[in-house]
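K.L.:
Next up, protein_36.cif (mmCIF, C-alpha atoms and all ligand atoms).
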data_input
loop_
_atom_site.label_atom_id
_atom_site.label_comp_id
_atom_site.auth_asym_id
_atom_site.auth_seq_id
_atom_site.Cartn_x
_atom_site.Cartn_y
_atom_site.Cartn_z
CA MET Z 29 0.39 -14.48 9.36
CA LYS Z 30 -2.77 -13.84 11.37
CA PHE Z 31 -6.13 -14.29 9.57
CA LYS Z 32 -9.19 -12.29 10.69
CA GLU Z 33 -12.50 -13.16 9.02
CA TYR Z 34 -15.38 -10.68 9.34
CA PRO Z 35 -19.16 -11.28 9.03
CA ASP Z 36 -19.39 -8.43 6.52
CA ARG Z 37 -17.30 -5.73 4.80
CA GLU Z 38 -18.66 -2.94 7.00
CA MET Z 39 -17.39 -4.68 10.14
CA LEU Z 40 -14.01 -5.19 8.47
CA VAL Z 41 -13.78 -1.52 7.47
CA MET Z 42 -14.52 -0.28 11.00
CA ASP Z 43 -12.12 -2.72 12.62
CA VAL Z 44 -9.24 -2.13 10.22
CA ALA Z 45 -9.60 1.66 10.52
CA GLN Z 46 -9.50 1.33 14.31
CA GLN Z 47 -6.50 -1.01 14.12
CA ILE Z 48 -4.61 1.51 11.96
CA VAL Z 49 -5.40 4.27 14.48
CA THR Z 50 -4.06 2.05 17.27
CA ASP Z 51 -0.91 1.28 15.27
CA LEU Z 52 -0.30 4.96 14.47
CA ASN Z 53 -0.88 6.08 18.06
CA MET Z 54 1.55 3.40 19.25
CA ALA Z 55 4.18 4.69 16.82
CA LEU Z 56 3.43 8.32 17.76
CA VAL Z 57 4.50 7.60 21.35
CA GLY Z 58 8.02 8.07 19.99
CA PRO Z 59 9.49 11.55 19.49
CA ASP Z 60 9.67 11.48 15.72
CA ARG Z 61 7.40 11.41 12.71
CA VAL Z 62 5.65 8.19 11.71
CA SER Z 63 5.12 6.77 8.24
CA ILE Z 64 2.23 4.74 6.84
CA ALA Z 65 1.99 3.29 3.33
CA VAL Z 66 -1.46 2.60 1.94
CA PRO Z 67 -2.69 1.03 -1.31
CA GLY Z 68 -4.83 2.40 -4.07
CA GLY Z 69 -7.44 0.46 -5.97
CA THR Z 70 -11.09 0.01 -5.07
CA THR Z 71 -10.83 -1.71 -1.67
CA PRO Z 72 -9.42 0.86 0.76
CA ALA Z 73 -11.64 3.95 0.16
CA PRO Z 74 -14.22 3.03 2.84
CA ILE Z 75 -11.39 2.51 5.33
CA PHE Z 76 -9.92 5.92 4.46
CA ASP Z 77 -13.36 7.53 4.86
CA VAL Z 78 -13.38 6.38 8.51
CA LEU Z 79 -9.65 6.88 9.14
CA CYS Z 80 -9.57 10.55 8.00
CA ALA Z 81 -11.76 11.57 10.97
CA ALA Z 82 -9.59 9.85 13.58
CA ASP Z 83 -8.39 12.13 16.38
CA LEU Z 84 -4.63 11.58 16.26
CA ASP Z 85 -1.55 13.74 15.73
CA TRP Z 86 -1.83 13.71 11.94
CA ALA Z 87 0.68 16.57 11.64
CA ARG Z 88 3.38 14.03 12.57
CA VAL Z 89 2.19 11.39 10.09
CA ASP Z 90 3.76 10.91 6.65
CA VAL Z 91 1.42 9.15 4.21
CA LEU Z 92 2.90 7.21 1.30
CA LEU Z 93 1.30 5.07 -1.38
CA THR Z 94 2.38 1.45 -1.75
CA ASP Z 95 2.29 2.15 -5.46
CA GLU Z 96 1.06 4.61 -8.06
CA ARG Z 97 -0.14 4.50 -11.61
CA TRP Z 98 2.04 6.90 -13.61
CA VAL Z 99 -0.69 9.51 -14.18
CA PRO Z 100 -1.34 12.99 -12.75
CA ALA Z 101 -3.33 13.27 -9.51
CA ASP Z 102 -6.38 14.60 -11.39
CA HIS Z 103 -6.50 11.47 -13.59
CA ALA Z 104 -9.27 8.96 -12.77
CA ARG Z 105 -6.67 6.19 -12.35
CA SER Z 106 -4.49 8.12 -9.88
CA ASN Z 107 -4.00 6.63 -6.42
CA ALA Z 108 -2.91 10.06 -5.19
CA GLY Z 109 -6.27 11.34 -6.38
CA LEU Z 110 -7.94 8.56 -4.39
CA LEU Z 111 -6.14 9.70 -1.25
CA TYR Z 112 -6.98 13.36 -1.84
CA ARG Z 113 -10.68 12.38 -2.15
CA HIS Z 114 -10.88 9.91 0.74
CA LEU Z 115 -7.99 10.18 3.21
CA LEU Z 116 -6.19 13.55 3.10
CA MET Z 117 -9.19 15.48 4.41
CA ASP Z 118 -10.99 16.16 7.71
CA ARG Z 119 -8.48 15.72 10.58
CA ALA Z 120 -6.12 13.76 8.31
CA ALA Z 121 -5.71 16.85 6.12
CA ASP Z 122 -2.85 17.73 8.49
CA ALA Z 123 -0.89 14.66 7.40
CA HIS Z 124 2.06 15.05 5.04
CA PHE Z 125 1.58 13.16 1.75
CA VAL Z 126 4.56 11.96 -0.32
CA PRO Z 127 3.45 12.00 -3.99
CA TYR Z 128 5.32 9.91 -6.60
CA TYR Z 129 4.09 11.17 -9.99
CA VAL Z 130 6.34 13.84 -11.56
CA GLU Z 131 4.96 15.80 -14.51
CA GLY Z 132 7.17 15.55 -17.59
CA MET Z 133 9.10 12.53 -16.32
CA LYS Z 134 8.78 8.87 -17.24
CA ALA Z 135 8.09 6.39 -14.43
CA LYS Z 136 11.71 5.19 -14.35
CA GLU Z 137 13.10 8.74 -14.00
CA GLY Z 138 10.47 9.70 -11.44
CA ALA Z 139 11.13 6.57 -9.36
CA ALA Z 140 14.87 7.27 -9.38
CA GLN Z 141 14.28 10.88 -8.32
CA THR Z 142 11.88 10.03 -5.45
CA SER Z 143 13.51 6.82 -4.26
CA GLY Z 144 16.07 8.67 -2.13
CA LEU Z 145 13.32 10.67 -0.39
CA ILE Z 146 11.74 7.44 0.83
CA GLU Z 147 14.85 6.47 2.82
CA GLN Z 148 13.70 8.66 5.73
CA HIS Z 149 10.45 6.65 5.93
CA VAL Z 150 12.11 3.22 6.17
CA PRO Z 151 11.31 1.23 8.23
CA LEU Z 152 7.66 2.05 7.73
CA ASP Z 153 5.57 2.09 10.90
CA VAL Z 154 2.45 0.76 9.20
CA VAL Z 155 1.70 -0.71 5.80
CA VAL Z 156 -1.73 -1.54 4.46
CA LEU Z 157 -1.67 -3.84 1.44
CA GLY Z 158 -4.20 -4.73 -1.18
CA MET Z 159 -3.97 -7.77 -3.41
CA GLY Z 160 -5.20 -8.84 -6.80
CA ALA Z 161 -6.64 -12.24 -7.68
CA ASP Z 162 -3.47 -12.67 -9.75
CA MET Z 163 -1.53 -12.59 -6.45
CA HIS Z 164 0.03 -9.17 -7.04
CA THR Z 165 0.35 -6.63 -4.25
CA ALA Z 166 1.21 -2.96 -4.59
CA SER Z 167 2.37 -2.93 -8.22
CA LEU Z 168 4.43 -6.08 -7.87
CA PHE Z 169 2.65 -7.86 -10.70
CA PRO Z 170 3.65 -11.40 -11.77
CA GLY Z 171 5.49 -11.18 -15.08
CA ALA Z 172 5.87 -7.41 -14.95
CA LEU Z 173 8.95 -5.79 -16.46
CA GLY Z 174 11.03 -4.66 -13.48
CA LEU Z 175 9.48 -7.14 -11.03
CA SER Z 176 12.73 -8.97 -10.23
CA ASP Z 177 14.48 -5.69 -9.49
CA ALA Z 178 11.61 -4.57 -7.22
CA MET Z 179 11.67 -7.90 -5.35
CA ALA Z 180 15.46 -7.95 -4.87
CA ALA Z 181 16.86 -7.47 -1.36
CA ASP Z 182 18.91 -4.49 -2.56
CA ALA Z 183 16.10 -2.94 -4.64
CA PRO Z 184 15.76 0.85 -4.80
CA HIS Z 185 13.05 2.02 -2.40
CA LEU Z 186 10.78 3.05 -5.28
CA CYS Z 187 10.81 1.02 -8.50
CA ALA Z 188 9.27 1.47 -11.95
CA VAL Z 189 7.38 -1.53 -13.29
CA GLN Z 190 5.41 -2.23 -16.46
CA ALA Z 191 2.81 -4.99 -16.36
CA GLU Z 192 1.05 -6.34 -19.45
CA GLY Z 193 -1.92 -4.16 -20.36
CA GLN Z 194 -1.30 -1.72 -17.49
CA GLU Z 195 -0.10 1.86 -17.50
CA PRO Z 196 3.48 2.37 -16.29
CA ARG Z 197 3.61 2.24 -12.51
CA VAL Z 198 5.94 2.86 -9.59
CA THR Z 199 5.90 0.67 -6.51
CA LEU Z 200 7.58 0.50 -3.14
CA SER Z 201 9.98 -2.40 -3.24
CA ALA Z 202 9.17 -5.66 -1.48
CA ALA Z 203 11.94 -4.81 0.99
CA VAL Z 204 10.35 -1.47 1.91
CA LEU Z 205 6.93 -3.09 2.26
CA ASN Z 206 8.50 -5.75 4.48
CA SER Z 207 10.19 -3.11 6.65
CA ALA Z 208 6.84 -2.17 8.20
CA VAL Z 209 6.44 -2.73 11.93
CA GLN Z 210 2.70 -3.35 11.48
CA LYS Z 211 1.43 -5.00 8.27
CA HIS Z 212 -2.20 -5.38 7.24
CA LEU Z 213 -3.53 -7.07 4.10
CA VAL Z 214 -7.15 -6.22 3.27
CA ILE Z 215 -8.99 -8.50 0.84
CA PHE Z 216 -12.62 -8.97 -0.08
CA GLY Z 217 -14.21 -11.95 -1.79
CA ASP Z 218 -13.66 -15.66 -2.31
CA ASP Z 219 -11.40 -15.20 -5.34
CA LYS Z 220 -8.80 -13.23 -3.40
CA ARG Z 221 -8.98 -15.62 -0.46
CA ALA Z 222 -8.34 -18.55 -2.79
CA ALA Z 223 -5.54 -16.62 -4.49
CA LEU Z 224 -3.89 -15.95 -1.12
CA ASP Z 225 -4.07 -19.65 -0.26
CA ALA Z 226 -2.55 -20.51 -3.64
CA ALA Z 227 0.18 -17.89 -3.19
CA MET Z 228 1.48 -19.71 -0.12
CA ASP Z 229 2.59 -22.60 -2.33
CA ALA Z 230 3.88 -20.49 -5.23
CA GLN Z 231 7.24 -18.93 -6.07
CA PRO Z 232 7.51 -15.27 -4.99
CA GLU Z 233 7.91 -14.05 -8.56
CA ASP Z 234 4.70 -15.87 -9.52
CA ALA Z 235 2.93 -14.70 -6.34
CA PRO Z 236 4.50 -11.45 -5.09
CA ILE Z 237 2.03 -11.24 -2.20
CA SER Z 238 3.79 -14.29 -0.71
CA ALA Z 239 6.99 -12.27 -0.38
CA VAL Z 240 5.42 -9.56 1.80
CA VAL Z 241 2.55 -11.19 3.72
CA GLN Z 242 4.68 -12.81 6.44
CA GLY Z 243 3.90 -11.24 9.78
CA ALA Z 244 0.84 -9.47 8.39
CA THR Z 245 -2.67 -9.57 9.71
CA VAL Z 246 -4.94 -10.61 6.87
CA HIS Z 247 -8.40 -9.02 7.11
CA TRP Z 248 -11.00 -10.81 4.97
CA ALA Z 249 -14.71 -10.51 4.31
CA ALA Z 250 -16.72 -12.26 1.61
O1 LIG Z 301 -2.68 0.62 -7.51
C1 LIG Z 301 -3.38 -0.30 -7.13
O2 LIG Z 301 -4.32 -0.78 -7.78
C2 LIG Z 301 -3.18 -0.89 -5.76
O3 LIG Z 301 -2.26 -0.35 -4.97
C3 LIG Z 301 -3.12 -2.38 -5.93
O4 LIG Z 301 -2.05 -3.05 -5.38
C4 LIG Z 301 -4.39 -2.89 -5.33
O5 LIG Z 301 -4.26 -2.98 -3.92
C5 LIG Z 301 -4.76 -4.22 -5.90
O6 LIG Z 301 -4.68 -4.10 -7.30
C6 LIG Z 301 -6.18 -4.59 -5.48
O7 LIG Z 301 -7.02 -3.65 -6.08
P1 LIG Z 301 -8.57 -3.60 -5.69
O8 LIG Z 301 -8.62 -3.09 -4.28
O9 LIG Z 301 -9.16 -2.63 -6.68
O10 LIG Z 301 -9.10 -5.01 -5.83
#
Turn this file's structure into structure tokens for me.
Ligand SMILES: O=C(O)[C@H](O)[C@@H](O)[C@H](O)[C@H](O)COP(=O)(O)O
P.N.:
Amino acid sequence: MKFKEYPDREMLVMDVAQQIVTDLNMALVGPDRVSIAVPGGTTPAPIFDVLCAADLDWARVDVLLTDERWVPADHARSNAGLLYRHLLMDRAADAHFVPYYVEGMKAKEGAAQTSGLIEQHVPLDVVVLGMGADMHTASLFPGALGLSDAMAADAPHLCAVQAEGQEPRVTLSAAVLNSAVQKHLVIFGDDKRAALDAAMDAQPEDAPISAVVQGATVHWAA
């Protein structure tokens, strides 16, 4: 795990966006399509706002979410909605997005239906991870119903989980997140830095981030 500390969040945003462009262009040297998985939440939007203008062959890029709240894209909590507002625009509008939410289905049914589609994107070329101060990443929340299944080596590619006090969610499995050739974890603030340190000494089920952060570059700003 490589740790990059930045003097401020703006410097981190610019550098991480550039790093993702470099990673994608490296992967695009090959003849096929490339796949990137990105998080939702409040951290990544500024990175997406820079990334969407990048001059790369977006038409060959498949964009996935690391996880999704089980709500329609027009819902305030939707990660797909976040991507439509911040990433899938400008030059990146040419990218192909793989949505997870299915109207009229429960998270478990939707995950089962979409899981097979994700096979073609594994191994991922790039994954960008967020993290909570509770040491979750994607929707791999400590104590969540479905966490063990999503952390298992033979997990389905997309898993339904239910964490205490959260809406139902679907998440890429730890195995799919770990398949990525290039892994980046983006965290802001002292709490998350301390949580990441603590996660290194914790059991994976208590600190899911510890199960996917190996080999990642951690980008941190206060
Ligand atoms: O659906 C989500 O919320 C994200 O994918 C999740 O894994 C996020 O990365 C962390 O919860 C951190 O969220 P913040 O960036 O809001 O702190």
K.L.:
Tell me, as a VMD selection string, which residues lie within 12 Å of His124 (chain Z), counting all atoms listed in the file; anything in the same chain fewer than 5 positions away does not count.
P.N.:
chain Z and resid 61 to 65 85 to 93 111 to 112 115 to 117 119 149
K.L.:
Using only C-alpha atoms and all ligand atoms, what are the residues with an atom within 7 Å of ligand LIG 301 (chain Z), set out as a VMD selection string?
P.N.:
chain Z and resid 67 to 72 94 to 97 107 157 to 160 164 to 167
K.L.:
To one decimal in Å, tell me the separation between CA of Val214 (chain Z) and CA of Val246 (chain Z).
P.N.:
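CA of Val214 (chain Z) sits 6.1 Å away from CA of Val246 (chain Z).
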K.L.:
Taking all atoms listed in the file into account, name the residue in Z:Met133, Z:Ala121, Z:Val241, Z:Ala235 that is nearest to Leu213 (chain Z).
P.N.:
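Of all the options, Z:Val241 lies closest to Leu213 (chain Z).
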K.L.:
Identify which of the residues Z:Ala239, Z:Ala140, Z:Ala181, Z:Asn206 lies closest to Val154 (chain Z), counting only C-alpha atoms when measuring atom-to-atom distances.
P.N.:
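Answer, going by the shortest atom-to-atom distance: Z:Asn206.
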K.L.:
Could you please determine the separation between CA of Gln231 (chain Z) and CA of Ser176 (chain Z) in Å, to one decimal place?
P.N.:
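Distance reported for this atom pair: 12.1 Å.
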K.L.:
Please identify all polymer residues within 10 Å of Asp43 (chain Z), counting only C-alpha atoms, omitting same-chain residues fewer than 5 positions from it, and present them as number ranges by chain.
P.N.:
Z: 34, 37-38, 48-49, 75, 247
